[in-house]
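Listing of protein_17.pdb, PDB, C-alpha atoms
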```
ATOM      1  CA  MET A   1      -3.609  18.781   1.365
ATOM      2  CA  ALA A   2      -0.760  17.101  -0.509
ATOM      3  CA  PHE A   3      -1.199  13.681  -2.137
ATOM      4  CA  SER A   4       1.234  12.200   0.377
ATOM      5  CA  ASP A   5      -0.948  13.431   3.258
ATOM      6  CA  HIS A   6      -4.065  11.833   1.737
ATOM      7  CA  LEU A   7      -2.176   8.581   1.242
ATOM      8  CA  SER A   8      -0.669   8.404   4.734
ATOM      9  CA  GLN A   9      -4.116   9.255   6.124
ATOM     10  CA  ILE A  10      -5.665   6.351   4.191
ATOM     11  CA  VAL A  11      -3.019   3.868   5.367
ATOM     12  CA  LYS A  12      -3.251   5.100   8.978
ATOM     13  CA  SER A  13      -7.035   4.846   9.148
ATOM     14  CA  VAL A  14      -7.431   1.311   7.759
ATOM     15  CA  ASP A  15      -6.356  -1.716   9.827
ATOM     16  CA  GLY A  16      -3.971  -3.936   7.887
ATOM     17  CA  ALA A  17      -3.183  -1.330   5.208
ATOM     18  CA  VAL A  18       0.419  -1.591   3.997
ATOM     19  CA  ALA A  19       0.547   0.836   1.055
ATOM     20  CA  ALA A  20      -1.470   3.393  -0.896
ATOM     21  CA  SER A  21      -0.747   5.142  -4.159
ATOM     22  CA  VAL A  22      -2.115   7.658  -6.661
ATOM     23  CA  MET A  23      -1.381   6.168 -10.072
ATOM     24  CA  GLY A  24      -1.974   6.974 -13.687
ATOM     25  CA  PHE A  25      -3.483   4.456 -16.085
ATOM     26  CA  ASP A  26      -0.114   4.531 -17.801
ATOM     27  CA  GLY A  27       1.216   2.635 -14.751
ATOM     28  CA  ILE A  28       3.240   5.553 -13.394
ATOM     29  CA  ALA A  29       2.676   6.434  -9.721
ATOM     30  CA  ILE A  30       2.370  10.131  -8.825
ATOM     31  CA  GLU A  31       2.916   9.427  -5.144
ATOM     32  CA  THR A  32       3.114   6.329  -2.924
ATOM     33  CA  HIS A  33       2.963   5.816   0.821
ATOM     34  CA  GLN A  34       4.260   2.470   2.042
ATOM     35  CA  THR A  35       4.740   0.830   5.450
ATOM     36  CA  PRO A  36       7.369  -1.812   6.346
ATOM     37  CA  GLY A  37       4.475  -4.348   6.156
ATOM     38  CA  ALA A  38       4.675  -4.070   2.362
ATOM     39  CA  ASP A  39       8.290  -5.271   2.228
ATOM     40  CA  GLY A  40       8.831  -8.227  -0.056
ATOM     41  CA  LEU A  41       5.467  -7.906  -1.825
ATOM     42  CA  GLU A  42       6.781  -6.098  -4.929
ATOM     43  CA  LEU A  43       3.704  -3.911  -4.950
ATOM     44  CA  SER A  44       4.942  -1.525  -7.600
ATOM     45  CA  VAL A  45       5.317  -4.363 -10.099
ATOM     46  CA  ALA A  46       1.856  -5.709  -9.237
ATOM     47  CA  TRP A  47       0.236  -2.309  -9.577
ATOM     48  CA  VAL A  48       1.755  -1.528 -12.942
ATOM     49  CA  GLU A  49       0.198  -4.791 -14.143
ATOM     50  CA  TYR A  50      -3.128  -3.839 -12.549
ATOM     51  CA  ALA A  51      -3.016  -0.414 -14.216
ATOM     52  CA  ASN A  52      -2.744  -2.148 -17.555
ATOM     53  CA  LEU A  53      -5.710  -4.400 -16.787
ATOM     54  CA  LEU A  54      -7.785  -1.528 -15.410
ATOM     55  CA  ASN A  55      -7.174   0.389 -18.554
ATOM     56  CA  GLN A  56      -8.721  -2.419 -20.579
ATOM     57  CA  LEU A  57     -11.540  -2.835 -18.079
ATOM     58  CA  LYS A  58     -12.342   0.870 -18.252
ATOM     59  CA  GLY A  59     -12.494   0.731 -22.021
ATOM     60  CA  THR A  60     -14.626  -2.408 -21.938
ATOM     61  CA  ALA A  61     -17.114  -1.095 -19.374
ATOM     62  CA  GLU A  62     -17.662   2.078 -21.355
ATOM     63  CA  THR A  63     -18.827   0.096 -24.327
ATOM     64  CA  LEU A  64     -21.052  -2.194 -22.271
ATOM     65  CA  LYS A  65     -24.412  -1.441 -20.750
ATOM     66  CA  THR A  66     -23.251  -1.875 -17.150
ATOM     67  CA  GLY A  67     -21.962   1.704 -16.985
ATOM     68  CA  LYS A  68     -18.646   3.134 -15.916
ATOM     69  CA  VAL A  69     -16.408   1.163 -13.578
ATOM     70  CA  SER A  70     -15.893   2.888 -10.212
ATOM     71  CA  GLU A  71     -14.052   0.287  -8.150
ATOM     72  CA  VAL A  72     -12.107  -2.942  -8.567
ATOM     73  CA  VAL A  73     -10.959  -5.284  -5.797
ATOM     74  CA  VAL A  74      -8.488  -8.124  -6.360
ATOM     75  CA  SER A  75      -8.003 -10.617  -3.521
ATOM     76  CA  SER A  76      -4.904 -12.778  -3.610
ATOM     77  CA  GLU A  77      -3.240 -15.026  -1.034
ATOM     78  CA  LYS A  78      -0.979 -12.354   0.450
ATOM     79  CA  LEU A  79      -2.694  -9.111  -0.477
ATOM     80  CA  LEU A  80      -6.058  -7.457  -1.018
ATOM     81  CA  THR A  81      -5.790  -4.706  -3.613
ATOM     82  CA  LEU A  82      -8.543  -2.073  -3.611
ATOM     83  CA  VAL A  83      -8.684   0.261  -6.571
ATOM     84  CA  ARG A  84     -10.901   3.345  -6.817
ATOM     85  CA  LEU A  85     -11.088   5.351 -10.019
ATOM     86  CA  VAL A  86     -10.384   9.055  -9.476
ATOM     87  CA  ASN A  87     -10.933  10.343 -13.009
ATOM     88  CA  LYS A  88     -10.290   9.124 -16.548
ATOM     89  CA  ASP A  89      -6.523   9.279 -16.098
ATOM     90  CA  TYR A  90      -5.851   8.409 -12.465
ATOM     91  CA  PHE A  91      -6.818   5.944  -9.727
ATOM     92  CA  LEU A  92      -6.213   5.381  -6.024
ATOM     93  CA  VAL A  93      -4.889   1.996  -4.990
ATOM     94  CA  LEU A  94      -4.694   0.535  -1.488
ATOM     95  CA  GLY A  95      -2.890  -2.666  -0.490
ATOM     96  CA  LEU A  96      -4.200  -4.518   2.579
ATOM     97  CA  LEU A  97      -3.038  -7.660   4.321
ATOM     98  CA  PRO A  98      -5.642 -10.441   3.890
ATOM     99  CA  THR A  99      -6.620  -9.878   7.543
ATOM    100  CA  GLY A 100      -7.133  -6.139   6.951
ATOM    101  CA  ASN A 101     -10.379  -4.208   7.225
ATOM    102  CA  TYR A 102     -11.828  -4.606   3.731
ATOM    103  CA  GLY A 103     -14.999  -2.601   4.353
ATOM    104  CA  LYS A 104     -13.201   0.328   5.941
ATOM    105  CA  GLY A 105     -10.697   0.321   3.085
ATOM    106  CA  ARG A 106     -13.461   0.594   0.481
ATOM    107  CA  TYR A 107     -15.120   3.370   2.469
ATOM    108  CA  VAL A 108     -11.946   5.422   2.922
ATOM    109  CA  LEU A 109     -11.072   5.196  -0.784
ATOM    110  CA  ARG A 110     -14.597   6.237  -1.732
ATOM    111  CA  VAL A 111     -14.499   9.392   0.396
ATOM    112  CA  THR A 112     -10.881  10.243  -0.473
ATOM    113  CA  ALA A 113     -11.182   9.896  -4.271
ATOM    114  CA  PRO A 114     -13.152  13.146  -4.796
ATOM    115  CA  LYS A 115     -10.651  15.056  -2.623
ATOM    116  CA  VAL A 116      -7.751  13.763  -4.698
ATOM    117  CA  ALA A 117      -9.682  14.480  -7.924
ATOM    118  CA  ALA A 118     -10.103  18.115  -6.854
ATOM    119  CA  GLU A 119      -6.337  18.483  -6.612
ATOM    120  CA  LEU A 120      -5.321  16.809  -9.872
TER     121      LEU A 120
ATOM    122  CA  MET B   1     -26.337 -31.130  -6.849
ATOM    123  CA  ALA B   2     -26.416 -29.842 -10.423
ATOM    124  CA  PHE B   3     -24.666 -26.597 -11.382
ATOM    125  CA  SER B   4     -28.039 -24.997 -12.048
ATOM    126  CA  ASP B   5     -29.145 -25.781  -8.489
ATOM    127  CA  HIS B   6     -26.019 -24.184  -7.022
ATOM    128  CA  LEU B   7     -26.546 -21.117  -9.192
ATOM    129  CA  SER B   8     -30.244 -20.658  -8.408
ATOM    130  CA  GLN B   9     -29.391 -21.149  -4.727
ATOM    131  CA  ILE B  10     -26.766 -18.378  -4.913
ATOM    132  CA  VAL B  11     -29.133 -15.946  -6.645
ATOM    133  CA  LYS B  12     -31.974 -16.766  -4.229
ATOM    134  CA  SER B  13     -29.877 -16.275  -1.086
ATOM    135  CA  VAL B  14     -28.343 -12.890  -1.964
ATOM    136  CA  ASP B  15     -30.465  -9.727  -1.966
ATOM    137  CA  GLY B  16     -30.180  -7.871  -5.265
ATOM    138  CA  ALA B  17     -28.625 -10.795  -7.166
ATOM    139  CA  VAL B  18     -29.729 -10.874 -10.812
ATOM    140  CA  ALA B  19     -27.572 -13.604 -12.349
ATOM    141  CA  ALA B  20     -24.956 -16.230 -11.573
ATOM    142  CA  SER B  21     -22.831 -18.353 -13.850
ATOM    143  CA  VAL B  22     -20.152 -21.050 -13.920
ATOM    144  CA  MET B  23     -17.751 -19.955 -16.651
ATOM    145  CA  GLY B  24     -14.505 -21.113 -18.152
ATOM    146  CA  PHE B  25     -11.564 -18.778 -18.586
ATOM    147  CA  ASP B  26     -12.134 -19.222 -22.300
ATOM    148  CA  GLY B  27     -15.287 -17.096 -21.832
ATOM    149  CA  ILE B  28     -17.730 -19.950 -22.359
ATOM    150  CA  ALA B  29     -20.410 -20.412 -19.693
ATOM    151  CA  ILE B  30     -21.167 -23.982 -18.534
ATOM    152  CA  GLU B  31     -24.421 -22.915 -16.915
ATOM    153  CA  THR B  32     -26.168 -19.619 -16.130
ATOM    154  CA  HIS B  33     -29.090 -18.713 -13.893
ATOM    155  CA  GLN B  34     -30.634 -15.322 -14.604
ATOM    156  CA  THR B  35     -33.593 -13.363 -13.201
ATOM    157  CA  PRO B  36     -35.688 -10.785 -15.098
ATOM    158  CA  GLY B  37     -33.704  -8.118 -13.155
ATOM    159  CA  ALA B  38     -30.758  -8.809 -15.470
ATOM    160  CA  ASP B  39     -32.692  -7.844 -18.595
ATOM    161  CA  GLY B  40     -31.011  -5.192 -20.681
ATOM    162  CA  LEU B  41     -27.635  -5.488 -18.940
ATOM    163  CA  GLU B  42     -25.990  -7.686 -21.603
ATOM    164  CA  LEU B  43     -24.291  -9.681 -18.886
ATOM    165  CA  SER B  44     -23.014 -12.405 -21.161
ATOM    166  CA  VAL B  45     -21.053  -9.872 -23.201
ATOM    167  CA  ALA B  46     -19.640  -8.256 -20.057
ATOM    168  CA  TRP B  47     -18.613 -11.593 -18.582
ATOM    169  CA  VAL B  48     -16.824 -12.799 -21.679
ATOM    170  CA  GLU B  49     -14.758  -9.616 -21.466
ATOM    171  CA  TYR B  50     -14.152 -10.206 -17.749
ATOM    172  CA  ALA B  51     -13.051 -13.769 -18.428
ATOM    173  CA  ASN B  52     -10.428 -12.425 -20.774
ATOM    174  CA  LEU B  53      -9.191  -9.938 -18.172
ATOM    175  CA  LEU B  54      -9.229 -12.541 -15.399
ATOM    176  CA  ASN B  55      -7.142 -14.803 -17.507
ATOM    177  CA  GLN B  56      -4.457 -12.140 -17.734
ATOM    178  CA  LEU B  57      -4.795 -11.281 -14.045
ATOM    179  CA  LYS B  58      -4.387 -14.915 -13.095
ATOM    180  CA  GLY B  59      -1.217 -15.192 -15.151
ATOM    181  CA  THR B  60       0.095 -11.940 -13.733
ATOM    182  CA  ALA B  61      -0.573 -12.839 -10.100
ATOM    183  CA  GLU B  62       1.174 -16.163 -10.474
ATOM    184  CA  THR B  63       4.388 -14.466 -11.484
ATOM    185  CA  LEU B  64       4.126 -11.845  -8.717
ATOM    186  CA  LYS B  65       4.807 -12.296  -5.050
ATOM    187  CA  THR B  66       1.250 -11.527  -3.949
ATOM    188  CA  GLY B  67       0.165 -15.143  -4.477
ATOM    189  CA  LYS B  68      -2.714 -16.638  -6.412
ATOM    190  CA  VAL B  69      -5.814 -14.562  -7.092
ATOM    191  CA  SER B  70      -8.928 -15.939  -5.364
ATOM    192  CA  GLU B  71     -11.535 -13.217  -5.937
ATOM    193  CA  VAL B  72     -12.168 -10.166  -8.106
ATOM    194  CA  VAL B  73     -14.935  -7.606  -7.687
ATOM    195  CA  VAL B  74     -15.783  -5.000 -10.316
ATOM    196  CA  SER B  75     -18.217  -2.238  -9.335
ATOM    197  CA  SER B  76     -19.837  -0.284 -12.118
ATOM    198  CA  GLU B  77     -22.773   2.116 -12.235
ATOM    199  CA  LYS B  78     -25.441  -0.489 -12.911
ATOM    200  CA  LEU B  79     -23.885  -3.714 -11.690
ATOM    201  CA  LEU B  80     -21.561  -5.212  -9.102
ATOM    202  CA  THR B  81     -19.769  -8.240 -10.538
ATOM    203  CA  LEU B  82     -18.318 -10.700  -8.025
ATOM    204  CA  VAL B  83     -15.965 -13.337  -9.367
ATOM    205  CA  ARG B  84     -14.642 -16.292  -7.369
ATOM    206  CA  LEU B  85     -12.058 -18.615  -8.878
ATOM    207  CA  VAL B  86     -13.106 -22.265  -8.710
ATOM    208  CA  ASN B  87      -9.987 -23.891 -10.163
ATOM    209  CA  LYS B  88      -7.441 -23.086 -12.866
ATOM    210  CA  ASP B  89     -10.027 -23.417 -15.636
ATOM    211  CA  TYR B  90     -13.313 -22.198 -14.166
ATOM    212  CA  PHE B  91     -14.815 -19.411 -12.079
ATOM    213  CA  LEU B  92     -18.134 -18.479 -10.493
ATOM    214  CA  VAL B  93     -19.565 -15.083 -11.327
ATOM    215  CA  LEU B  94     -22.419 -13.259  -9.612
ATOM    216  CA  GLY B  95     -24.113 -10.080 -10.836
ATOM    217  CA  LEU B  96     -25.726  -7.847  -8.209
ATOM    218  CA  LEU B  97     -27.641  -4.615  -8.480
ATOM    219  CA  PRO B  98     -25.608  -1.759  -6.924
ATOM    220  CA  THR B  99     -28.018  -1.847  -3.961
ATOM    221  CA  GLY B 100     -27.454  -5.601  -3.478
ATOM    222  CA  ASN B 101     -25.864  -7.309  -0.486
ATOM    223  CA  TYR B 102     -22.175  -7.203  -1.391
ATOM    224  CA  GLY B 103     -20.915  -8.935   1.758
ATOM    225  CA  LYS B 104     -23.427 -11.773   1.538
ATOM    226  CA  GLY B 105     -22.584 -12.227  -2.134
ATOM    227  CA  ARG B 106     -18.867 -12.635  -1.390
ATOM    228  CA  TYR B 107     -19.656 -15.072   1.407
ATOM    229  CA  VAL B 108     -21.993 -17.240  -0.668
ATOM    230  CA  LEU B 109     -19.516 -17.468  -3.554
ATOM    231  CA  ARG B 110     -16.721 -18.394  -1.145
ATOM    232  CA  VAL B 111     -18.669 -21.300   0.354
ATOM    233  CA  THR B 112     -20.144 -22.454  -2.981
ATOM    234  CA  ALA B 113     -16.872 -22.486  -4.969
ATOM    235  CA  PRO B 114     -15.478 -25.666  -3.325
ATOM    236  CA  LYS B 115     -18.814 -27.471  -3.874
ATOM    237  CA  VAL B 116     -18.757 -26.576  -7.569
ATOM    238  CA  ALA B 117     -15.064 -27.517  -7.792
ATOM    239  CA  ALA B 118     -15.871 -30.976  -6.434
ATOM    240  CA  GLU B 119     -18.312 -31.541  -9.314
ATOM    241  CA  LEU B 120     -16.169 -30.285 -12.188
TER     242      LEU B 120
END
```
How does the structure come out when it is put into structure tokens?
Amino acid sequence: MAFSDHLSQIVKSVDGAVAASVMGFDGIAIETHQTPGADGLELSVAWVEYANLLNQLKGTAETLKTGKVSEVVVSSEKLLTLVRLVNKDYFLVLGLLPTGNYGKGRYVLRVTAPKVAAEL
Amino acid sequence: MAFSDHLSQIVKSVDGAVAASVMGFDGIAIETHQTPGADGLELSVAWVEYANLLNQLKGTAETLKTGKVSEVVVSSEKLLTLVRLVNKDYFLVLGLLPTGNYGKGRYVLRVTAPKVAAEL
């Protein structure tokens, strides 16, 4: 299954999902699937910033006793951003409208991440 | 109601909660309530690092079109960290065991944040 198929599947199966992406911690997206609902949100800019922060968070968590970070969720006024780490270099990111299905989004990322990891 | 009362109330009402704190974005805690379940997790070190990251995230989100950040959740192997922004200077943070009640934790922080804000 291609990355684009995984991503469109994620967006289709979660209510309120507007975009999903496989990104590197360098801030460069391998593949992105976006719906018209994401228009005007400048997601790519936001996610490059998040990649930078995640990179620091990953480094921090490894040196702390709380163990490796697996997931990060950032809720803002217009967007919920769910991030699931795929491996040390890549992560899955899903953008949801604030009314979207948060729990389903977390679940779908959790089950999709190992499938994406197997193909990287 | 004193900060310590709010914090002990939060920890008591959420299954799996091990610690809660009112912290400034400068990484300095105003008040912390911790249970023996938090022993060995070095939470204070982790949270100072998170405060630093949140500070950047807050600045980033303000310049992006996704609106102000209200909540951040970081899941790691040994701890779920739920962070709820109280105002521009302070946030509430709750540490849960990975088996803890994530949804209840988010809810309790959301309803407690305005009460804490009113007392700051």
Once chain B is superposed on chain A with a least-squares fit on all C-alpha pairs taken in order, can you show it as a tab-separated table (two decimals) with C-alpha atoms, in the frame of the given file?
```tsv
chain	number	residue	atom	x	y	z
B	1	MET	CA	-3.63	18.78	1.36
B	2	ALA	CA	-0.77	17.12	-0.50
B	3	PHE	CA	-1.20	13.70	-2.12
B	4	SER	CA	1.23	12.22	0.39
B	5	ASP	CA	-0.96	13.44	3.26
B	6	HIS	CA	-4.07	11.85	1.75
B	7	LEU	CA	-2.18	8.60	1.25
B	8	SER	CA	-0.67	8.42	4.74
B	9	GLN	CA	-4.12	9.26	6.13
B	10	ILE	CA	-5.66	6.35	4.20
B	11	VAL	CA	-3.01	3.88	5.37
B	12	LYS	CA	-3.25	5.11	8.98
B	13	SER	CA	-7.05	4.85	9.15
B	14	VAL	CA	-7.43	1.31	7.77
B	15	ASP	CA	-6.36	-1.72	9.82
B	16	GLY	CA	-3.97	-3.93	7.88
B	17	ALA	CA	-3.18	-1.32	5.21
B	18	VAL	CA	0.42	-1.58	3.99
B	19	ALA	CA	0.55	0.85	1.06
B	20	ALA	CA	-1.46	3.40	-0.89
B	21	SER	CA	-0.74	5.15	-4.15
B	22	VAL	CA	-2.11	7.67	-6.65
B	23	MET	CA	-1.37	6.16	-10.05
B	24	GLY	CA	-1.99	6.97	-13.67
B	25	PHE	CA	-3.49	4.44	-16.05
B	26	ASP	CA	-0.13	4.51	-17.78
B	27	GLY	CA	1.22	2.62	-14.74
B	28	ILE	CA	3.24	5.53	-13.37
B	29	ALA	CA	2.68	6.43	-9.71
B	30	ILE	CA	2.38	10.14	-8.81
B	31	GLU	CA	2.92	9.43	-5.13
B	32	THR	CA	3.13	6.34	-2.91
B	33	HIS	CA	2.98	5.84	0.84
B	34	GLN	CA	4.27	2.48	2.05
B	35	THR	CA	4.76	0.85	5.46
B	36	PRO	CA	7.37	-1.81	6.33
B	37	GLY	CA	4.49	-4.35	6.14
B	38	ALA	CA	4.68	-4.07	2.34
B	39	ASP	CA	8.28	-5.27	2.20
B	40	GLY	CA	8.83	-8.22	-0.08
B	41	LEU	CA	5.46	-7.92	-1.83
B	42	GLU	CA	6.78	-6.11	-4.94
B	43	LEU	CA	3.70	-3.93	-4.96
B	44	SER	CA	4.94	-1.54	-7.60
B	45	VAL	CA	5.30	-4.38	-10.09
B	46	ALA	CA	1.84	-5.72	-9.24
B	47	TRP	CA	0.23	-2.31	-9.58
B	48	VAL	CA	1.75	-1.54	-12.94
B	49	GLU	CA	0.19	-4.79	-14.15
B	50	TYR	CA	-3.14	-3.83	-12.55
B	51	ALA	CA	-3.03	-0.43	-14.22
B	52	ASN	CA	-2.75	-2.16	-17.55
B	53	LEU	CA	-5.72	-4.41	-16.78
B	54	LEU	CA	-7.79	-1.53	-15.42
B	55	ASN	CA	-7.18	0.38	-18.57
B	56	GLN	CA	-8.72	-2.44	-20.59
B	57	LEU	CA	-11.55	-2.87	-18.09
B	58	LYS	CA	-12.36	0.82	-18.26
B	59	GLY	CA	-12.54	0.70	-22.04
B	60	THR	CA	-14.63	-2.45	-21.93
B	61	ALA	CA	-17.13	-1.13	-19.39
B	62	GLU	CA	-17.66	2.04	-21.37
B	63	THR	CA	-18.83	0.07	-24.37
B	64	LEU	CA	-21.06	-2.22	-22.28
B	65	LYS	CA	-24.39	-1.41	-20.75
B	66	THR	CA	-23.24	-1.86	-17.16
B	67	GLY	CA	-21.98	1.73	-16.98
B	68	LYS	CA	-18.64	3.16	-15.93
B	69	VAL	CA	-16.39	1.19	-13.59
B	70	SER	CA	-15.89	2.92	-10.22
B	71	GLU	CA	-14.05	0.29	-8.15
B	72	VAL	CA	-12.10	-2.94	-8.57
B	73	VAL	CA	-10.96	-5.28	-5.82
B	74	VAL	CA	-8.48	-8.11	-6.37
B	75	SER	CA	-8.00	-10.61	-3.54
B	76	SER	CA	-4.91	-12.77	-3.63
B	77	GLU	CA	-3.23	-15.00	-1.07
B	78	LYS	CA	-0.98	-12.34	0.42
B	79	LEU	CA	-2.69	-9.09	-0.48
B	80	LEU	CA	-6.06	-7.45	-1.02
B	81	THR	CA	-5.78	-4.70	-3.63
B	82	LEU	CA	-8.53	-2.06	-3.61
B	83	VAL	CA	-8.67	0.28	-6.57
B	84	ARG	CA	-10.90	3.36	-6.80
B	85	LEU	CA	-11.06	5.36	-10.01
B	86	VAL	CA	-10.38	9.06	-9.46
B	87	ASN	CA	-10.94	10.35	-13.00
B	88	LYS	CA	-10.29	9.12	-16.53
B	89	ASP	CA	-6.52	9.28	-16.08
B	90	TYR	CA	-5.85	8.41	-12.44
B	91	PHE	CA	-6.81	5.95	-9.72
B	92	LEU	CA	-6.20	5.38	-6.02
B	93	VAL	CA	-4.88	2.00	-4.98
B	94	LEU	CA	-4.70	0.53	-1.49
B	95	GLY	CA	-2.89	-2.67	-0.48
B	96	LEU	CA	-4.20	-4.52	2.58
B	97	LEU	CA	-3.04	-7.65	4.32
B	98	PRO	CA	-5.65	-10.43	3.88
B	99	THR	CA	-6.63	-9.89	7.53
B	100	GLY	CA	-7.14	-6.14	6.96
B	101	ASN	CA	-10.39	-4.21	7.22
B	102	TYR	CA	-11.83	-4.61	3.72
B	103	GLY	CA	-15.01	-2.62	4.34
B	104	LYS	CA	-13.20	0.31	5.94
B	105	GLY	CA	-10.70	0.32	3.09
B	106	ARG	CA	-13.46	0.60	0.47
B	107	TYR	CA	-15.12	3.37	2.46
B	108	VAL	CA	-11.95	5.42	2.92
B	109	LEU	CA	-11.06	5.20	-0.78
B	110	ARG	CA	-14.59	6.23	-1.74
B	111	VAL	CA	-14.50	9.38	0.39
B	112	THR	CA	-10.87	10.25	-0.47
B	113	ALA	CA	-11.18	9.89	-4.27
B	114	PRO	CA	-13.15	13.15	-4.79
B	115	LYS	CA	-10.65	15.06	-2.61
B	116	VAL	CA	-7.75	13.77	-4.69
B	117	ALA	CA	-9.68	14.48	-7.91
B	118	ALA	CA	-10.11	18.10	-6.84
B	119	GLU	CA	-6.32	18.48	-6.60
B	120	LEU	CA	-5.32	16.81	-9.86
```
When you get a sec, could you note down which chain A residues fall within 9 Å of chain B, using all atoms listed in the file, as a ChimeraX atom specification?
/A:40-43,45-46,49-50,53-54,56-57,60-61,64-80
Long-range neighbours of Asp26 of chain B as a PDB file with C-alpha atoms, in the frame of the given file, 12 Å cut-off, all atoms listed in the file, 3 positions minimum in chain:
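Done, and the output landed in selection_13.pdb:
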```pdb
ATOM      1  CA  VAL B  22     -20.152 -21.050 -13.920  1.00  0.00           C
ATOM      2  CA  MET B  23     -17.751 -19.955 -16.651  1.00  0.00           C
ATOM      3  CA  ALA B  29     -20.410 -20.412 -19.693  1.00  0.00           C
ATOM      4  CA  ILE B  30     -21.167 -23.982 -18.534  1.00  0.00           C
ATOM      5  CA  TRP B  47     -18.613 -11.593 -18.582  1.00  0.00           C
ATOM      6  CA  VAL B  48     -16.824 -12.799 -21.679  1.00  0.00           C
ATOM      7  CA  GLU B  49     -14.758  -9.616 -21.466  1.00  0.00           C
ATOM      8  CA  TYR B  50     -14.152 -10.206 -17.749  1.00  0.00           C
ATOM      9  CA  ALA B  51     -13.051 -13.769 -18.428  1.00  0.00           C
ATOM     10  CA  ASN B  52     -10.428 -12.425 -20.774  1.00  0.00           C
ATOM     11  CA  LEU B  53      -9.191  -9.938 -18.172  1.00  0.00           C
ATOM     12  CA  LEU B  54      -9.229 -12.541 -15.399  1.00  0.00           C
ATOM     13  CA  ASN B  55      -7.142 -14.803 -17.507  1.00  0.00           C
ATOM     14  CA  GLN B  56      -4.457 -12.140 -17.734  1.00  0.00           C
ATOM     15  CA  LYS B  88      -7.441 -23.086 -12.866  1.00  0.00           C
ATOM     16  CA  ASP B  89     -10.027 -23.417 -15.636  1.00  0.00           C
ATOM     17  CA  TYR B  90     -13.313 -22.198 -14.166  1.00  0.00           C
ATOM     18  CA  PHE B  91     -14.815 -19.411 -12.079  1.00  0.00           C
TER      19      PHE B  91
END
```
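Reported to one decimal place, the separation of atom CA of Leu85 of chain A from atom CA of Tyr107 of chain B is 24.9 Å.
Our summary of the geometry notes that atom CA of Leu120 of chain B is positioned 14.6 Å from atom CA of Ile28 of chain B.
Using only C-alpha atoms, the nearest neighbour of Leu109 of chain B within the list B:Ala38, B:Val18, B:Ile10, B:Leu97 is B:Ile10.
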